[in-house]
Structure formats: C-alpha cells, structure tokens
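For reference, the structure is listed below as structure tokens.
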Amino acid sequence: MEINLLKIYEILLKEYGHQEWWPADSSFEVAVGAILTQNTSWANVEAAIDRLRESGMLDARKLAEESTEVIGALVKPAGFWKAKARTIKSIARVFSENSFEEGCNKPTRRALLEIKGVGSETADAILLYAFAEAAFVVDKYTRRLLIRLGLNPPEGYQALQAIFVKSLPRDVELYREYHALIVRHCKTVCKSTPACSECCLQSHCDLTK
DNA sequence: CGCCAGGGCCATA
DNA sequence: TATGGCCATGGC
C-alpha cells in the first residue's frame, strides 16, 4: 500500500474538522438510525426518527411489541419501510431482551448479522457508534475514495475493511471520525469534481484517470 | 423527467 | 460465489 491512509485522515480532519457522528441520544437510537439510513439520505432518516420520537415509540421495549404496520407507517419517510419496520422490530426485541441500554452489555457482531436486514455495514456502524467497539465501517464512499486515490480496491466488504484496519491504529475515536470524514468528503468534493485535481487530497491522487 | 441517498436480501446461474 | 433486480421516499 503506497498510500498512507493515516495521512489521508489527517488531511480530511484538517479540511473538514470534527464531524459530530453519530447524532443520537441512546445506543438504541443509533441502531435504529443505522437501519433507516440504508441506501437512504440522512434527511429522510431524521424525518423518520422524529416521527418515532414524537409518537413516543423511540424505545426498544415499545417497538418490540408494536406491529410492523404501525412501525412502517412511522418510518415511511426513510423509504423501504416494510423491510425496515421488520428489521427495527427485530433489533428492538434483541435490545429489550438483553438490556443493552444499561451499558453493561453489548451485542456480538454475529448476533447482529443474524437479524434479517442487518448486514456487514449496519452491524459495524452499530458496534462502532453505539457500543464503542473498534469496527471500521466501510461503505460505498469508502470504495469511491480509494478509487480516487488511484487504487483498485477489492470487491468484498471484509477485504476493503482489512485495508484500513491494517493501516491504522486500532482506535475507536479514529474509526468513528474517519468514516464520518470519508462520507463528508465524498458528498462534497468527490461527487462534484471529475477528478481530485481540485480537492484537498490532490497530491495523493492519481490524476491520470 | 432522471438520478441518487450514510445497504441488504434473494433468485438465478 | 457472483451478479442483478428489487425495495420506496424525498431532494435536486
């Protein structure tokens, strides 16, 4: 790996500053947000979370008992509402049965992946942002960033994640900030410019493509 | 009108 | 195991 991913992090942090991720009042709210944000803009997720909060349903024990029809109607602004309602109810049951909110307990990655609707990225986001576990979150933007850096990132989630894990110190705060910065960077710069010729990472980018 | 957003499941080969 | 279609709403 000829690119120093820690240095890329430092440049992004200097450029954009601290990103304040993940905006939530509880670990359960992080989990709900992680499900709602699947292939969905954060603005739509906020609308759905607001509806849950305003109806008093942003609570694991209540959602675990509520019908998927009612949950679906509440989270509708976030899209994919049938699937997401089912997934939220499932994870609400897991949270309420294991008292994860008390802080003395947390789910395993395997347990999260057993929930239908929770895949690798969602599981890692929950572990990292709700339970402070060092699980580096990889997403579409992460791949896009590496491509812009002139690399040819591997296809699989785990292979892509491994590139970051072996290049960075295993640190929860670093993992949290880095993922947030990658999203921020790609949403602003990588999207609007044809190459990295105008962005803060230009000296690290392959400008030939 | 089209495209995409802080993915994941499932059928098909 | 590896692609492709599908899910759904809202902003631009």
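Note on naming: chains are A, B, ... as they come in the structure tokens, residues start from 1 per chain, ligands start from 1 in the order shown.
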
For chain A, report every residue with an atom at most 8 Å from chain C (counting only C-alpha atoms (C1' of nucleotides)), formatted as a PDB file with N, CA and C atoms, in the first residue's frame.
```pdb
ATOM      1  N   ASN A  44     -33.910  12.118   5.198  1.00  0.00           N
ATOM      2  CA  ASN A  44     -35.090  11.257   5.285  1.00  0.00           C
ATOM      3  C   ASN A  44     -35.082  10.440   6.572  1.00  0.00           C
ATOM      4  N   LYS A  76     -41.964   5.610   7.339  1.00  0.00           N
ATOM      5  CA  LYS A  76     -42.170   5.705   5.892  1.00  0.00           C
ATOM      6  C   LYS A  76     -41.278   6.731   5.183  1.00  0.00           C
ATOM      7  N   PRO A  77     -41.026   7.909   5.775  1.00  0.00           N
ATOM      8  CA  PRO A  77     -40.182   8.884   5.077  1.00  0.00           C
ATOM      9  C   PRO A  77     -38.789   8.367   4.726  1.00  0.00           C
ATOM     10  N   ALA A  78     -38.314   7.337   5.393  1.00  0.00           N
ATOM     11  CA  ALA A  78     -36.975   6.818   5.130  1.00  0.00           C
ATOM     12  C   ALA A  78     -36.950   5.786   3.998  1.00  0.00           C
ATOM     13  N   GLY A  79     -38.117   5.460   3.437  1.00  0.00           N
ATOM     14  CA  GLY A  79     -38.150   4.510   2.334  1.00  0.00           C
ATOM     15  C   GLY A  79     -37.947   3.068   2.768  1.00  0.00           C
ATOM     16  N   PHE A  80     -38.145   2.126   1.857  1.00  0.00           N
ATOM     17  CA  PHE A  80     -38.005   0.698   2.164  1.00  0.00           C
ATOM     18  C   PHE A  80     -38.695   0.362   3.477  1.00  0.00           C
ATOM     19  N   TRP A  81     -39.841   0.941   3.720  1.00  0.00           N
ATOM     20  CA  TRP A  81     -40.413   0.921   5.059  1.00  0.00           C
ATOM     21  C   TRP A  81     -40.927  -0.432   5.516  1.00  0.00           C
ATOM     22  N   ALA A  83     -39.502  -3.436   4.859  1.00  0.00           N
ATOM     23  CA  ALA A  83     -38.328  -4.178   5.323  1.00  0.00           C
ATOM     24  C   ALA A  83     -37.741  -3.542   6.581  1.00  0.00           C
TER      25      ALA A  83
END
```

Can you list every residue of chain B that has an atom at most 9 Å from chain A, with its nearest atom pair and the distance in Å to one decimal, using only C-alpha atoms (C1' of nucleotides), ordered by chain then number, as a tab-separated table?
```
residue	atom	partner	partner_atom	distance
B:DC4	C1'	A:Ser41	CA	8.9
B:DA5	C1'	A:Ser41	CA	4.2
B:DG6	C1'	A:Thr37	CA	6.0
B:DG7	C1'	A:Gln38	CA	4.7
B:DG8	C1'	A:Gly117	CA	6.0
B:DC9	C1'	A:Gly117	CA	7.5
```

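Between CA of Cys196 in chain A and CA of Glu2 in chain A the interatomic distance comes to 17.3 Å.
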
Write out as a VMD selection string which residues come within 9 Å of Leu63 in chain A when counting only C-alpha atoms (C1' of nucleotides), dropping same-chain ones fewer than 5 positions away. chain A and resid 57 to 58 68 71 88 to 90 92 to 93

Length of the CA of Ala132 in chain A to CA of Asn98 in chain A vector [Å]: 17.3 Å

If DSSP is run on the backbone, what residues of range 48-171 of chain A are helix (DSSP H, G or I)? A reply as an NGL selection string would be ideal. :A and (48-54 or 60-65 or 68-78 or 81-98 or 100-102 or 109-113 or 120-131 or 140-148 or 157-167)

CA of Ala123 in chain A to CA of Leu168 in chain A: how many Å, to one decimal?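 Going from CA of Ala123 in chain A over to CA of Leu168 in chain A, I get 20.2 Å.
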